[in-house]
file work31.txt (compact mmCIF, C-alpha atoms and all ligand atoms)
# COMPACT_ATOMS: atom_id res chain seq x y z
CA MET A 148 6.13 16.50 11.61
CA LYS A 149 2.36 16.86 11.39
CA LEU A 150 -0.01 13.99 10.68
CA TYR A 151 -3.78 13.93 10.33
CA ASN A 152 -5.10 11.86 13.21
CA THR A 153 -8.56 10.41 12.64
CA LEU A 154 -8.99 10.17 16.44
CA VAL A 155 -9.27 13.95 16.67
CA ARG A 156 -10.11 14.71 13.04
CA GLU A 157 -7.23 17.15 12.63
CA LYS A 158 -3.53 17.43 11.94
CA GLN A 159 -1.47 16.92 15.07
CA GLU A 160 2.19 17.32 15.84
CA PHE A 161 3.68 13.84 15.73
CA LYS A 162 5.86 12.90 18.70
CA PRO A 163 6.96 9.29 19.05
CA ILE A 164 6.35 7.49 22.34
CA LYS A 165 10.01 6.49 22.64
CA GLU A 166 12.51 9.07 21.53
CA ASN A 167 13.48 8.59 17.89
CA LYS A 168 11.72 5.22 17.58
CA VAL A 169 8.46 4.82 15.69
CA GLY A 170 6.22 1.75 15.54
CA ILE A 171 3.75 1.57 12.66
CA TYR A 172 1.11 -1.06 12.04
CA SER A 173 -0.66 -1.17 8.66
CA CYS A 174 -3.68 -3.29 7.90
CA GLY A 175 -2.44 -5.50 5.09
CA PRO A 176 -4.03 -7.50 2.29
CA THR A 177 -6.54 -10.31 2.52
CA VAL A 178 -4.85 -12.79 0.23
CA TYR A 179 -7.89 -14.31 -1.46
CA TRP A 180 -7.46 -12.60 -4.81
CA ASN A 181 -5.07 -10.38 -6.75
CA GLN A 182 -4.18 -7.08 -5.12
CA HIS A 183 -5.08 -4.44 -7.71
CA ILE A 184 -3.80 -0.89 -8.12
CA GLY A 185 -6.49 0.38 -5.72
CA ASN A 186 -5.17 -1.89 -2.98
CA MET A 187 -1.60 -0.98 -3.83
CA TYR A 188 -2.44 2.73 -3.52
CA ALA A 189 -2.89 2.22 0.23
CA PHE A 190 0.36 0.27 0.64
CA LEU A 191 2.25 2.90 -1.37
CA SER A 192 0.85 5.60 0.90
CA TRP A 193 2.26 3.83 3.97
CA ASP A 194 5.55 3.12 2.24
CA ILE A 195 5.83 6.89 1.76
CA LEU A 196 5.01 7.46 5.45
CA VAL A 197 7.75 5.01 6.49
CA ARG A 198 10.25 6.54 4.06
CA VAL A 199 9.46 10.06 5.27
CA LEU A 200 9.97 9.10 8.93
CA ARG A 201 13.24 7.34 8.09
CA TYR A 202 14.36 10.35 6.05
CA LEU A 203 13.68 12.45 9.15
CA ASP A 204 16.01 10.06 11.03
CA TYR A 205 13.47 8.07 12.99
CA ASP A 206 14.16 4.42 13.64
CA VAL A 207 10.97 2.90 12.22
CA THR A 208 9.58 -0.58 12.82
CA TRP A 209 6.90 -1.30 10.26
CA VAL A 210 4.47 -4.18 10.71
CA MET A 211 1.92 -5.21 8.10
CA ASN A 212 -0.34 -8.20 8.58
CA ILE A 213 -1.37 -10.71 5.97
CA THR A 214 -4.95 -11.85 6.46
CA ASP A 215 -5.29 -15.47 5.44
CA VAL A 216 -8.28 -16.45 7.56
CA GLY A 217 -11.47 -15.00 8.99
CA HIS A 218 -12.21 -11.97 6.81
CA ASN A 219 -15.76 -11.99 5.46
CA THR A 220 -16.90 -10.37 2.23
CA SER A 221 -18.43 -7.73 4.46
CA ASP A 222 -16.05 -6.25 7.03
CA ALA A 223 -18.66 -7.07 9.66
CA ASP A 224 -19.87 -10.55 10.53
CA SER A 225 -22.03 -11.00 7.45
CA GLY A 226 -21.25 -12.55 4.08
CA GLU A 227 -18.91 -15.34 3.17
CA ASP A 228 -15.35 -15.98 4.34
CA LYS A 229 -13.16 -14.45 1.64
CA MET A 230 -10.55 -17.21 1.73
CA GLU A 231 -13.16 -19.95 1.32
CA LYS A 232 -14.80 -17.97 -1.46
CA GLY A 233 -11.46 -17.75 -3.29
CA ALA A 234 -10.88 -21.46 -2.77
CA LYS A 235 -14.28 -22.36 -4.24
CA ARG A 236 -13.76 -20.00 -7.17
CA GLU A 237 -10.48 -21.62 -8.18
CA GLY A 238 -10.89 -25.19 -7.02
CA LEU A 239 -7.95 -24.85 -4.66
CA THR A 240 -7.68 -25.15 -0.89
CA SER A 241 -7.74 -22.02 1.28
CA TRP A 242 -4.06 -22.64 2.01
CA GLU A 243 -3.18 -22.76 -1.68
CA ILE A 244 -5.17 -19.61 -2.33
CA ALA A 245 -3.34 -17.82 0.48
CA LYS A 246 0.04 -18.86 -0.89
CA LYS A 247 -0.81 -17.91 -4.47
CA TYR A 248 -2.07 -14.43 -3.65
CA GLU A 249 0.55 -13.72 -1.03
CA GLU A 250 3.11 -14.23 -3.78
CA GLN A 251 1.24 -11.86 -6.09
CA PHE A 252 1.15 -9.28 -3.29
CA ILE A 253 4.87 -9.56 -2.48
CA ASP A 254 5.69 -9.31 -6.18
CA SER A 255 3.59 -6.12 -6.40
CA LEU A 256 5.42 -4.61 -3.41
CA ASP A 257 8.69 -5.43 -5.04
CA LYS A 258 7.76 -4.00 -8.45
CA LEU A 259 6.58 -0.75 -6.87
CA ASN A 260 9.78 -0.46 -4.83
CA ILE A 261 7.76 -0.55 -1.61
CA ILE A 262 10.01 -1.14 1.38
CA THR A 263 9.55 -4.63 2.80
CA PRO A 264 7.95 -4.20 6.23
CA ASN A 265 10.09 -5.39 9.15
CA PHE A 266 7.37 -7.90 9.97
CA LEU A 267 4.70 -9.41 7.70
CA PRO A 268 2.86 -11.63 10.20
CA LYS A 269 0.15 -13.98 9.00
CA ALA A 270 -3.09 -14.49 10.90
CA THR A 271 -2.84 -18.29 10.60
CA GLU A 272 0.59 -18.20 12.24
CA HIS A 273 -0.68 -16.20 15.23
CA ILE A 274 -3.63 -18.28 16.36
CA GLU A 275 -2.24 -18.68 19.87
CA GLU A 276 -1.80 -14.91 20.30
CA GLN A 277 -5.37 -14.38 19.11
CA ILE A 278 -6.77 -16.99 21.49
CA ASN A 279 -4.84 -15.40 24.37
CA LEU A 280 -6.22 -11.97 23.51
CA ALA A 281 -9.78 -13.33 23.34
CA LYS A 282 -9.24 -15.05 26.72
CA LYS A 283 -8.11 -11.74 28.18
CA LEU A 284 -11.20 -10.00 26.84
CA GLU A 285 -13.35 -12.78 28.26
CA LYS A 286 -11.68 -12.57 31.66
CA ARG A 287 -12.17 -8.81 31.78
CA GLY A 288 -15.88 -9.19 31.07
CA PHE A 289 -16.07 -7.88 27.51
CA THR A 290 -17.54 -10.96 25.87
CA TYR A 291 -20.51 -13.30 25.82
CA LYS A 292 -21.05 -16.63 24.17
CA THR A 293 -23.56 -17.66 21.54
CA LYS A 294 -24.01 -20.86 19.55
CA THR A 295 -21.75 -19.35 16.89
CA GLY A 296 -18.87 -18.41 19.12
CA LEU A 297 -17.37 -15.81 21.38
CA VAL A 298 -18.73 -12.30 20.82
CA PHE A 299 -17.33 -8.90 21.83
CA ASP A 300 -19.97 -7.06 23.83
CA THR A 301 -19.78 -3.47 22.53
CA SER A 302 -22.20 -2.29 25.24
CA LYS A 303 -19.30 -2.76 27.70
CA PHE A 304 -17.30 -0.09 25.92
CA SER A 305 -19.23 3.16 26.18
CA ASP A 306 -17.14 4.98 23.56
CA TYR A 307 -17.67 2.35 20.89
CA ASP A 308 -19.43 4.75 18.53
CA LYS A 309 -17.06 7.66 19.10
CA PHE A 310 -14.17 6.91 16.75
CA ALA A 311 -16.27 6.55 13.64
CA ASN A 312 -19.03 8.95 14.72
CA LEU A 313 -21.26 5.94 14.29
CA ARG A 314 -24.98 6.32 14.66
CA LEU A 315 -25.62 2.92 16.05
CA GLU A 316 -29.39 3.16 15.83
CA GLU A 317 -28.98 3.44 12.06
CA LEU A 318 -26.78 0.36 11.86
CA GLU A 319 -29.56 -2.11 11.35
CA SER A 320 -28.68 -5.62 10.39
CA GLY A 321 -31.46 -5.36 7.78
CA SER A 322 -30.84 -7.52 4.79
CA ARG A 323 -27.37 -8.58 5.89
CA VAL A 324 -26.92 -12.29 6.16
CA GLU A 325 -25.85 -12.48 9.78
CA VAL A 326 -23.56 -15.31 10.70
CA ASP A 327 -24.75 -15.03 14.29
CA GLU A 328 -28.40 -14.20 14.93
CA ASP A 329 -28.02 -14.48 18.70
CA LYS A 330 -25.89 -11.39 19.07
CA LYS A 331 -27.28 -8.76 21.44
CA ASN A 332 -26.45 -5.96 19.01
CA PRO A 333 -25.80 -6.25 15.28
CA TRP A 334 -22.53 -4.34 15.75
CA ASP A 335 -21.25 -6.73 18.41
CA PHE A 336 -18.64 -8.81 16.63
CA LEU A 337 -17.32 -12.34 16.70
CA LEU A 338 -13.88 -12.87 18.20
CA TRP A 339 -13.90 -16.61 17.69
CA ILE A 340 -16.22 -18.49 15.36
CA THR A 341 -17.29 -22.08 15.98
CA ASN A 342 -19.87 -24.51 14.59
CA GLN A 343 -18.99 -23.92 10.94
CA PRO A 344 -18.74 -27.51 9.67
CA ASN A 345 -17.80 -26.50 6.13
CA HIS A 346 -15.01 -24.16 7.14
CA ILE A 347 -11.65 -25.68 6.20
CA MET A 348 -9.25 -23.70 8.40
CA LYS A 349 -9.91 -24.69 12.03
CA TRP A 350 -8.09 -24.70 15.34
CA GLN A 351 -8.84 -25.85 18.90
CA SER A 352 -9.82 -23.16 21.40
CA PRO A 353 -11.50 -22.82 24.82
CA TRP A 354 -14.75 -22.03 22.95
CA GLY A 355 -14.58 -25.03 20.65
CA GLU A 356 -12.94 -25.82 17.35
CA GLY A 357 -13.09 -22.85 15.00
CA PHE A 358 -11.25 -19.83 13.68
CA PRO A 359 -10.64 -16.20 14.69
CA GLY A 360 -12.66 -13.21 13.52
CA TRP A 361 -10.80 -10.73 11.34
CA HIS A 362 -10.56 -7.84 13.85
CA LEU A 363 -8.88 -9.94 16.50
CA GLU A 364 -5.73 -10.58 14.44
CA CYS A 365 -4.81 -6.90 14.05
CA THR A 366 -4.94 -6.18 17.79
CA ALA A 367 -3.11 -9.43 18.59
CA MET A 368 -0.33 -8.90 16.06
CA SER A 369 0.13 -5.12 16.36
CA THR A 370 0.61 -5.39 20.13
CA LYS A 371 2.79 -8.48 19.83
CA TYR A 372 5.30 -6.72 17.56
CA LEU A 373 4.95 -3.11 18.73
CA GLY A 374 3.77 -3.29 22.34
CA GLU A 375 0.44 -2.47 23.99
CA THR A 376 0.83 1.17 23.02
CA PHE A 377 2.43 2.13 19.71
CA ASP A 378 2.73 5.21 17.54
CA ILE A 379 0.77 4.88 14.31
CA HIS A 380 -1.94 2.58 12.97
CA THR A 381 -2.82 2.96 9.30
CA GLY A 382 -5.57 1.73 7.04
CA GLY A 383 -8.09 2.81 4.43
CA ILE A 384 -11.05 5.09 5.20
CA GLU A 385 -13.28 2.03 4.76
CA HIS A 386 -11.75 0.61 7.94
CA ILE A 387 -12.90 3.44 10.21
CA GLY A 388 -16.51 2.35 10.64
CA VAL A 389 -16.12 -1.31 11.47
CA HIS A 390 -12.62 -2.78 11.52
CA HIS A 391 -10.81 0.01 13.35
CA SER A 392 -13.75 0.77 15.64
CA ASN A 393 -13.59 -2.89 16.63
CA GLU A 394 -9.82 -2.84 17.04
CA ILE A 395 -10.09 0.19 19.32
CA ALA A 396 -12.80 -1.61 21.32
CA GLN A 397 -10.53 -4.66 21.68
CA GLY A 398 -7.66 -2.43 22.83
CA PHE A 399 -9.78 -0.86 25.55
CA GLY A 400 -11.17 -4.23 26.51
CA ALA A 401 -7.80 -5.97 26.81
CA PHE A 402 -5.48 -3.17 27.94
CA GLY A 403 -7.79 -0.42 29.17
CA HIS A 404 -6.57 2.04 26.53
CA ASN A 405 -6.31 2.77 22.84
CA THR A 406 -3.39 0.81 21.40
CA ALA A 407 -2.33 3.44 18.84
CA LYS A 408 -1.66 7.16 19.36
CA PHE A 409 -2.31 8.06 15.73
CA TRP A 410 -4.89 6.45 13.45
CA VAL A 411 -4.14 7.49 9.88
CA HIS A 412 -6.34 6.69 6.88
CA ASN A 413 -5.94 6.88 3.13
CA ALA A 414 -8.70 7.81 0.68
CA TRP A 415 -9.20 5.62 -2.38
CA LEU A 416 -7.91 5.27 -5.87
CA THR A 417 -10.91 5.61 -8.15
CA LEU A 418 -11.22 5.35 -11.90
CA LYS A 419 -11.95 8.24 -14.20
CA GLU A 420 -14.57 6.18 -15.98
CA GLY A 421 -16.29 5.29 -12.72
CA LYS A 422 -16.32 2.05 -10.89
CA MET A 423 -13.54 -0.51 -10.99
CA SER A 424 -15.17 -3.79 -11.88
CA LYS A 425 -13.98 -7.14 -13.09
CA SER A 426 -16.71 -7.28 -15.75
CA LEU A 427 -15.58 -3.95 -17.23
CA GLY A 428 -12.04 -5.28 -17.42
CA ASN A 429 -10.62 -2.20 -15.72
CA VAL A 430 -9.35 -3.79 -12.50
CA TYR A 431 -5.66 -3.50 -13.20
CA THR A 432 -2.95 -5.23 -11.25
CA ILE A 433 0.65 -4.04 -11.31
CA GLN A 434 1.53 -7.18 -13.27
CA GLN A 435 -1.06 -6.31 -15.92
CA LEU A 436 0.20 -2.74 -16.23
CA GLU A 437 3.65 -4.19 -16.74
CA GLU A 438 2.39 -6.54 -19.45
CA MET A 439 0.84 -3.51 -21.13
CA GLY A 440 4.33 -2.02 -21.29
CA TYR A 441 4.24 0.30 -18.30
CA ASP A 442 7.13 0.37 -15.86
CA PRO A 443 5.46 -0.09 -12.42
CA LEU A 444 7.41 2.96 -11.29
CA PHE A 445 5.25 5.08 -13.61
CA PHE A 446 2.37 4.12 -11.36
CA ARG A 447 4.46 4.99 -8.33
CA TYR A 448 5.22 8.40 -9.85
CA LEU A 449 1.50 8.93 -10.47
CA VAL A 450 0.70 8.10 -6.83
CA LEU A 451 3.34 10.59 -5.68
CA SER A 452 1.37 13.29 -7.45
CA SER A 453 -1.61 12.68 -5.15
CA HIS A 454 -2.18 13.27 -1.46
CA TYR A 455 -3.08 10.16 0.48
CA ARG A 456 -6.10 11.80 2.08
CA ASN A 457 -7.51 12.91 -1.28
CA GLY A 458 -7.00 9.65 -3.13
CA LEU A 459 -6.25 9.45 -6.82
CA VAL A 460 -8.39 9.39 -9.94
CA PHE A 461 -6.67 6.85 -12.16
CA SER A 462 -6.76 6.64 -15.95
CA LEU A 463 -4.38 5.28 -18.56
CA GLU A 464 -3.93 8.86 -19.82
CA SER A 465 -2.73 9.96 -16.40
CA LEU A 466 -0.42 6.93 -16.28
CA LYS A 467 1.02 7.95 -19.66
CA ALA A 468 1.56 11.48 -18.38
CA ALA A 469 3.39 10.00 -15.38
CA LYS A 470 5.52 7.96 -17.76
CA THR A 471 6.54 11.08 -19.71
CA ALA A 472 7.29 12.97 -16.50
CA LEU A 473 9.36 10.19 -14.92
CA ASN A 474 11.33 9.60 -18.13
CA LYS A 475 11.99 13.31 -18.32
CA LEU A 476 13.18 13.34 -14.71
CA ARG A 477 15.46 10.35 -15.44
CA SER A 478 17.03 12.26 -18.33
CA TYR A 479 18.62 14.71 -15.86
CA LYS A 480 20.91 12.01 -14.56
CA THR A 481 24.55 13.05 -14.42
CA ASP A 482 27.61 10.81 -14.31
CA GLN A 483 28.97 12.58 -11.27
CA ILE A 484 27.11 14.22 -8.44
CA SER A 485 28.07 17.10 -6.20
CA GLN A 486 26.53 18.28 -2.93
CA VAL A 487 22.86 18.34 -1.96
CA ASN A 488 21.37 21.82 -2.09
CA LEU A 489 20.25 22.61 1.45
CA ASP A 490 17.76 25.36 0.61
CA PHE A 491 15.77 23.01 -1.57
CA LYS A 492 16.20 20.22 0.96
CA ASN A 493 14.66 22.43 3.65
CA GLU A 494 11.69 23.16 1.41
CA PHE A 495 11.30 19.46 0.67
CA VAL A 496 11.43 18.55 4.37
CA GLU A 497 8.80 21.17 5.11
CA ALA A 498 6.45 19.67 2.52
CA ILE A 499 6.84 16.03 3.54
CA SER A 500 6.57 16.96 7.25
CA ASN A 501 3.21 18.59 6.60
CA ASP A 502 1.04 15.48 6.65
CA LEU A 503 2.99 13.98 3.72
CA ALA A 504 2.26 16.73 1.21
CA MET A 505 3.68 14.80 -1.73
CA PRO A 506 2.20 16.94 -4.53
CA GLU A 507 4.09 19.91 -3.02
CA ALA A 508 7.21 17.76 -2.62
CA MET A 509 7.01 16.79 -6.32
CA ALA A 510 6.65 20.47 -7.26
CA ILE A 511 9.92 21.10 -5.40
CA VAL A 512 11.57 18.28 -7.41
CA TRP A 513 10.72 20.15 -10.62
CA LYS A 514 11.73 23.46 -9.08
CA VAL A 515 15.20 21.97 -8.53
CA ILE A 516 15.32 20.78 -12.15
CA LYS A 517 14.32 24.21 -13.47
CA SER A 518 16.68 26.08 -11.14
CA ASP A 519 20.05 27.45 -12.17
CA LEU A 520 22.01 24.97 -10.03
CA ASN A 521 24.63 23.05 -11.97
CA PRO A 522 23.47 19.63 -13.28
CA GLU A 523 25.55 17.65 -10.75
CA GLU A 524 24.11 19.57 -7.81
CA LYS A 525 20.59 19.15 -9.17
CA TRP A 526 21.01 15.40 -9.52
CA ALA A 527 22.61 15.08 -6.06
CA THR A 528 19.62 16.88 -4.56
CA ILE A 529 17.08 14.77 -6.50
CA LEU A 530 18.85 11.55 -5.48
CA ASP A 531 18.62 12.65 -1.86
CA PHE A 532 14.86 13.30 -2.27
CA ASP A 533 14.55 9.87 -3.89
CA LYS A 534 15.05 8.25 -0.49
CA VAL A 535 11.46 9.40 0.04
CA LEU A 536 10.18 9.20 -3.54
CA GLY A 537 11.46 5.66 -4.05
CA LEU A 538 11.72 6.06 -7.83
CA ASN A 539 14.99 4.15 -7.96
CA LEU A 540 16.67 7.10 -9.64
CA SER A 541 20.14 5.94 -8.65
CA GLU A 542 19.63 2.94 -10.90
CA VAL A 543 18.67 4.84 -14.03
CA SER A 544 20.56 3.17 -16.84
CA ASP A 545 22.12 5.11 -19.66
CA VAL A 546 19.66 3.78 -22.18
CA SER A 547 16.32 3.96 -20.43
CA PHE A 548 16.48 7.61 -19.58
CA GLN A 549 17.35 8.81 -23.00
CA ILE A 550 14.77 7.20 -25.18
CA SER A 551 11.55 9.05 -25.86
CA ASP A 552 8.56 7.20 -27.30
CA GLU A 553 9.42 8.62 -30.69
CA ILE A 554 12.99 7.33 -30.63
CA ALA A 555 11.85 3.95 -29.31
CA LYS A 556 9.44 3.67 -32.25
CA LEU A 557 12.19 4.56 -34.75
CA ILE A 558 14.48 1.93 -33.25
CA GLU A 559 11.74 -0.66 -33.39
CA ASP A 560 10.98 0.17 -37.05
CA ARG A 561 14.66 -0.05 -37.85
CA GLN A 562 14.92 -3.47 -36.18
CA LYS A 563 12.00 -4.67 -38.29
CA ALA A 564 13.69 -3.37 -41.44
CA ARG A 565 16.86 -5.24 -40.52
CA GLU A 566 14.96 -8.45 -39.84
CA THR A 567 13.60 -8.30 -43.41
CA LYS A 568 17.06 -7.35 -44.67
CA ASN A 569 15.75 -4.01 -45.90
CA TRP A 570 19.13 -2.31 -45.52
CA ALA A 571 18.16 0.87 -47.33
CA GLU A 572 15.27 1.50 -44.94
CA SER A 573 17.42 0.55 -41.97
CA ASP A 574 20.04 3.07 -43.04
CA ARG A 575 17.45 5.76 -43.63
CA LEU A 576 16.10 5.28 -40.10
CA ARG A 577 19.62 5.26 -38.65
CA LYS A 578 20.13 8.72 -40.15
CA ILE A 579 16.85 10.02 -38.75
CA ILE A 580 17.80 8.71 -35.31
CA LYS A 581 21.22 10.32 -35.65
CA ASN A 582 19.64 13.64 -36.58
CA LYS A 583 17.63 13.38 -33.39
CA GLY A 584 20.83 13.04 -31.40
CA TYR A 585 21.55 9.31 -31.04
CA LEU A 586 24.05 6.87 -32.45
CA VAL A 587 22.91 3.33 -33.18
CA GLU A 588 25.34 0.46 -32.71
CA ASP A 589 24.29 -2.96 -33.99
CA LEU A 590 25.12 -5.97 -31.84
CA GLY A 591 24.09 -9.16 -33.60
CA ASN A 592 20.30 -9.27 -33.46
CA THR A 593 19.94 -6.30 -31.13
CA CYS A 594 21.28 -2.81 -30.99
CA LYS A 595 22.55 -0.28 -28.50
CA ILE A 596 22.03 3.41 -28.72
CA ARG A 597 23.84 6.26 -27.08
CA PRO A 598 23.44 10.01 -27.20
CA ILE A 599 25.75 12.14 -29.31
CA LYS A 600 27.42 14.44 -26.83
ZN ZN B 701 -6.46 -4.52 10.44
call {"tool": "encode", "arguments": {"input": "work31.txt", "output": "structure tokens"}}
result
Amino acid sequence: MKLYNTLVREKQEFKPIKENKVGIYSCGPTVYWNQHIGNMYAFLSWDILVRVLRYLDYDVTWVMNITDVGHNTSDADSGEDKMEKGAKREGLTSWEIAKKYEEQFIDSLDKLNIITPNFLPKATEHIEEQINLAKKLEKRGFTYKTKTGLVFDTSKFSDYDKFANLRLEELESGSRVEVDEDKKNPWDFLLWITNQPNHIMKWQSPWGEGFPGWHLECTAMSTKYLGETFDIHTGGIEHIGVHHSNEIAQGFGAFGHNTAKFWVHNAWLTLKEGKMSKSLGNVYTIQQLEEMGYDPLFFRYLVLSSHYRNGLVFSLESLKAAKTALNKLRSYKTDQISQVNLDFKNEFVEAISNDLAMPEAMAIVWKVIKSDLNPEEKWATILDFDKVLGLNLSEVSDVSFQISDEIAKLIEDRQKARETKNWAESDRLRKIIKNKGYLVEDLGNTCKIRPIK
């Protein structure tokens, strides 16, 4: 298996630290607002990574944190605390905001058939671990104190700029609203923040009452669940410059080495019409897509057609095309299945092992469908691939896979005719539907259709 490792800026052969076991840590959501399809793109990418490794028989432990304290509107120490901002916006407490948006996030995972991570630790439930890590950094001489709190001294870690190819001299604080003006360097970062009288979430610490900085939680929780050295750390490309550079610095400070062997990053979902913005009304959540009549798995299918390092240009047209494709794929379901075709399986394994080349893997799916294998062998092979694709193909019901948009519209029109007791029209539509290959059976106020074999 090859994976693109941001540490070396190239694809590397992936070898787990412990034979057959893989530990993965993914930077999770900050639960101050709805997670939209752009956020979910990242989590889907890592779900695919976990599924691929499990398909290749690795025993994977997947940890994803939930940030419910300490993340500012900028990833650095400037701007407002996101949780407090959400609380002000909605007239709720930070705790209520965290609960509300954690639920929305979990619901989105569920709807997209994203595997539940083995651990979903929350920052507020790991305050002690974070304090202990900060103490360790302090003891090892990587910190200094200011009026605002305990700061990580990046000058003590000579490779600080290496991971992100940062040009530190260009990182001026400029117009940023710095929380801490006493820092020696603008890119030094707060591990523990004190003296914020208006901040609601607060805990006691050796540096005074306060709360942890965002970067601290990921190093504290990844190493708690996966050990001081683990296999893969994932995140978005936006994390490279600040968040992950800081995590790497914390790892060196506390343990004397990088905590993760592979740092893997996804590019972004962007919109065809440009920027996603709340005022343009184009920031979709999975729940909204569902309300608009789209099965969330159509979105999953669309994401499978992209490579995580290229990102995805989203539009409703592309979502509709994904809908047509997935419904078509579902229509190949057979009642019985035979054996998995090993030639196609080998091709599929080759694609997914090459830095998760999902567009190629999806091309192999359609190659199977168009091949001259018998239908039962095709479906057995596709169901096997679905362990990676996660399209829930084993649960395709007899009805959902057979109805095209056209048939669905005819059925709907016929239902309307029946509601107005227009029996002649209802009969006429029944005949049209029959000519298109389906029998309609009326059941009280609803109906059932089945294909004419
Ligand atoms: Zn993180």
call {"tool": "residues_near_ligand", "arguments": {"input": "work31.txt", "ligand": "ligand ZN 701 (chain B)", "cutoff": "8 Å", "atoms": "only C-alpha atoms and all ligand atoms", "output": "list in words"}}
result
Ser173, Cys174, Gly175, Asn212, Trp361, His362, Glu364, Cys365, Thr366, Gly382, His386, His390, His391 and Glu394 of chain A
call {"tool": "residues_near_point", "arguments": {"input": "work31.txt", "point": "(-7.0, -11.9, -4.4)", "cutoff": "10 Å", "atoms": "only C-alpha atoms", "output": "count of residues only"}}
result
18
call {"tool": "closest_residue", "arguments": {"input": "work31.txt", "among": "A:Thr293, A:Leu451, A:Trp570, A:Arg456", "to": "Val512 in chain A", "atoms": "all atoms listed in the file"}}
result
A:Leu451
call {"tool": "residues_around", "arguments": {"input": "work31.txt", "residues": "range 560-563 of chain A", "least_positions_apart": "5", "cutoff": "9 Å", "atoms": "all atoms listed in the file", "output": "list in words"}}
result
Ala555, Lys568, Asn569, Glu572, Ser573, Asp574, Arg575, Leu576, Arg577, Asn592, Thr593 and Cys594 of chain A
call {"tool": "residues_near_point", "arguments": {"input": "work31.txt", "point": "(-3.3, 2.8, -0.4)", "cutoff": "8 Å", "atoms": "only C-alpha atoms", "output": "MDAnalysis selection string"}}
result
chainID A and resid 185:193 382:383 413:416 455
call {"tool": "residues_around", "arguments": {"input": "work31.txt", "residues": "Thr290 in chain A", "least_positions_apart": "4", "cutoff": "9 Å", "atoms": "all atoms listed in the file", "output": "ChimeraX atom specification"}}
result
/A:281,284-286,297-301,303,338
call {"tool": "atom_distance", "arguments": {"input": "work31.txt", "atom1": "CA of Leu280 in chain A", "atom2": "CA of Ile387 in chain A"}}
result
21.4 Å
call {"tool": "atom_distance", "arguments": {"input": "work31.txt", "atom1": "CA of Thr263 in chain A", "atom2": "CA of Lys168 in chain A"}}
result
17.9 Å
call {"tool": "residues_around", "arguments": {"input": "work31.txt", "residues": "Ile347 in chain A", "least_positions_apart": "5", "cutoff": "12 Å", "atoms": "only C-alpha atoms", "output": "list in words"}}
result
Val216, Gly217, Asp228, Met230, Glu231, Lys232, Ala234, Lys235, Leu239, Thr240, Ser241, Trp242, Glu243, Thr341, Asn342, Glu356, Gly357 and Phe358 of chain A
call {"tool": "write_last_selection", "arguments": {"input": "work31.txt", "atoms": "C-alpha atoms", "output": "tab-separated table (two decimals), keeping the file's coordinate frame"}}
result
chain	number	residue	atom	x	y	z
A	216	VAL	CA	-8.28	-16.45	7.56
A	217	GLY	CA	-11.47	-15.00	8.99
A	228	ASP	CA	-15.35	-15.98	4.34
A	230	MET	CA	-10.55	-17.21	1.73
A	231	GLU	CA	-13.16	-19.95	1.32
A	232	LYS	CA	-14.80	-17.97	-1.46
A	234	ALA	CA	-10.88	-21.46	-2.77
A	235	LYS	CA	-14.28	-22.36	-4.24
A	239	LEU	CA	-7.95	-24.85	-4.66
A	240	THR	CA	-7.68	-25.15	-0.89
A	241	SER	CA	-7.74	-22.02	1.28
A	242	TRP	CA	-4.06	-22.64	2.01
A	243	GLU	CA	-3.18	-22.76	-1.68
A	341	THR	CA	-17.29	-22.08	15.98
A	342	ASN	CA	-19.87	-24.51	14.59
A	356	GLU	CA	-12.94	-25.82	17.35
A	357	GLY	CA	-13.09	-22.85	15.00
A	358	PHE	CA	-11.25	-19.83	13.68
call {"tool": "residues_around", "arguments": {"input": "work31.txt", "residues": "range 195-210 of chain A", "least_positions_apart": "4", "cutoff": "7 Å", "atoms": "all atoms listed in the file", "output": "JSON, numbers by chain"}}
result
{"A": [167, 168, 169, 170, 171, 172, 173, 191, 264, 265, 266, 267, 499, 534, 535]}
call {"tool": "closest_residue", "arguments": {"input": "work31.txt", "among": "A:Pro506, A:Pro333, A:Gly388, A:Pro598", "to": "Phe310 in chain A", "atoms": "only C-alpha atoms"}}
result
A:Gly388
call {"tool": "residues_around", "arguments": {"input": "work31.txt", "residues": "range 482-496 of chain A", "least_positions_apart": "5", "cutoff": "9 Å", "atoms": "only C-alpha atoms", "output": "MDAnalysis selection string"}}
result
chainID A and resid 199 202:203 501 507:509 511:512 514:515 520:532
call {"tool": "write_last_selection", "arguments": {"input": "work31.txt", "atoms": "C-alpha atoms", "output": "compact mmCIF listing (two decimals), in the frame of the given file"}}
result
# COMPACT_ATOMS: atom_id res chain seq x y z
CA VAL A 199 9.46 10.06 5.27
CA TYR A 202 14.36 10.35 6.05
CA LEU A 203 13.68 12.45 9.15
CA ASN A 501 3.21 18.59 6.60
CA GLU A 507 4.09 19.91 -3.02
CA ALA A 508 7.21 17.76 -2.62
CA MET A 509 7.01 16.79 -6.32
CA ILE A 511 9.92 21.10 -5.40
CA VAL A 512 11.57 18.28 -7.41
CA LYS A 514 11.73 23.46 -9.08
CA VAL A 515 15.20 21.97 -8.53
CA LEU A 520 22.01 24.97 -10.03
CA ASN A 521 24.63 23.05 -11.97
CA PRO A 522 23.47 19.63 -13.28
CA GLU A 523 25.55 17.65 -10.75
CA GLU A 524 24.11 19.57 -7.81
CA LYS A 525 20.59 19.15 -9.17
CA TRP A 526 21.01 15.40 -9.52
CA ALA A 527 22.61 15.08 -6.06
CA THR A 528 19.62 16.88 -4.56
CA ILE A 529 17.08 14.77 -6.50
CA LEU A 530 18.85 11.55 -5.48
CA ASP A 531 18.62 12.65 -1.86
CA PHE A 532 14.86 13.30 -2.27
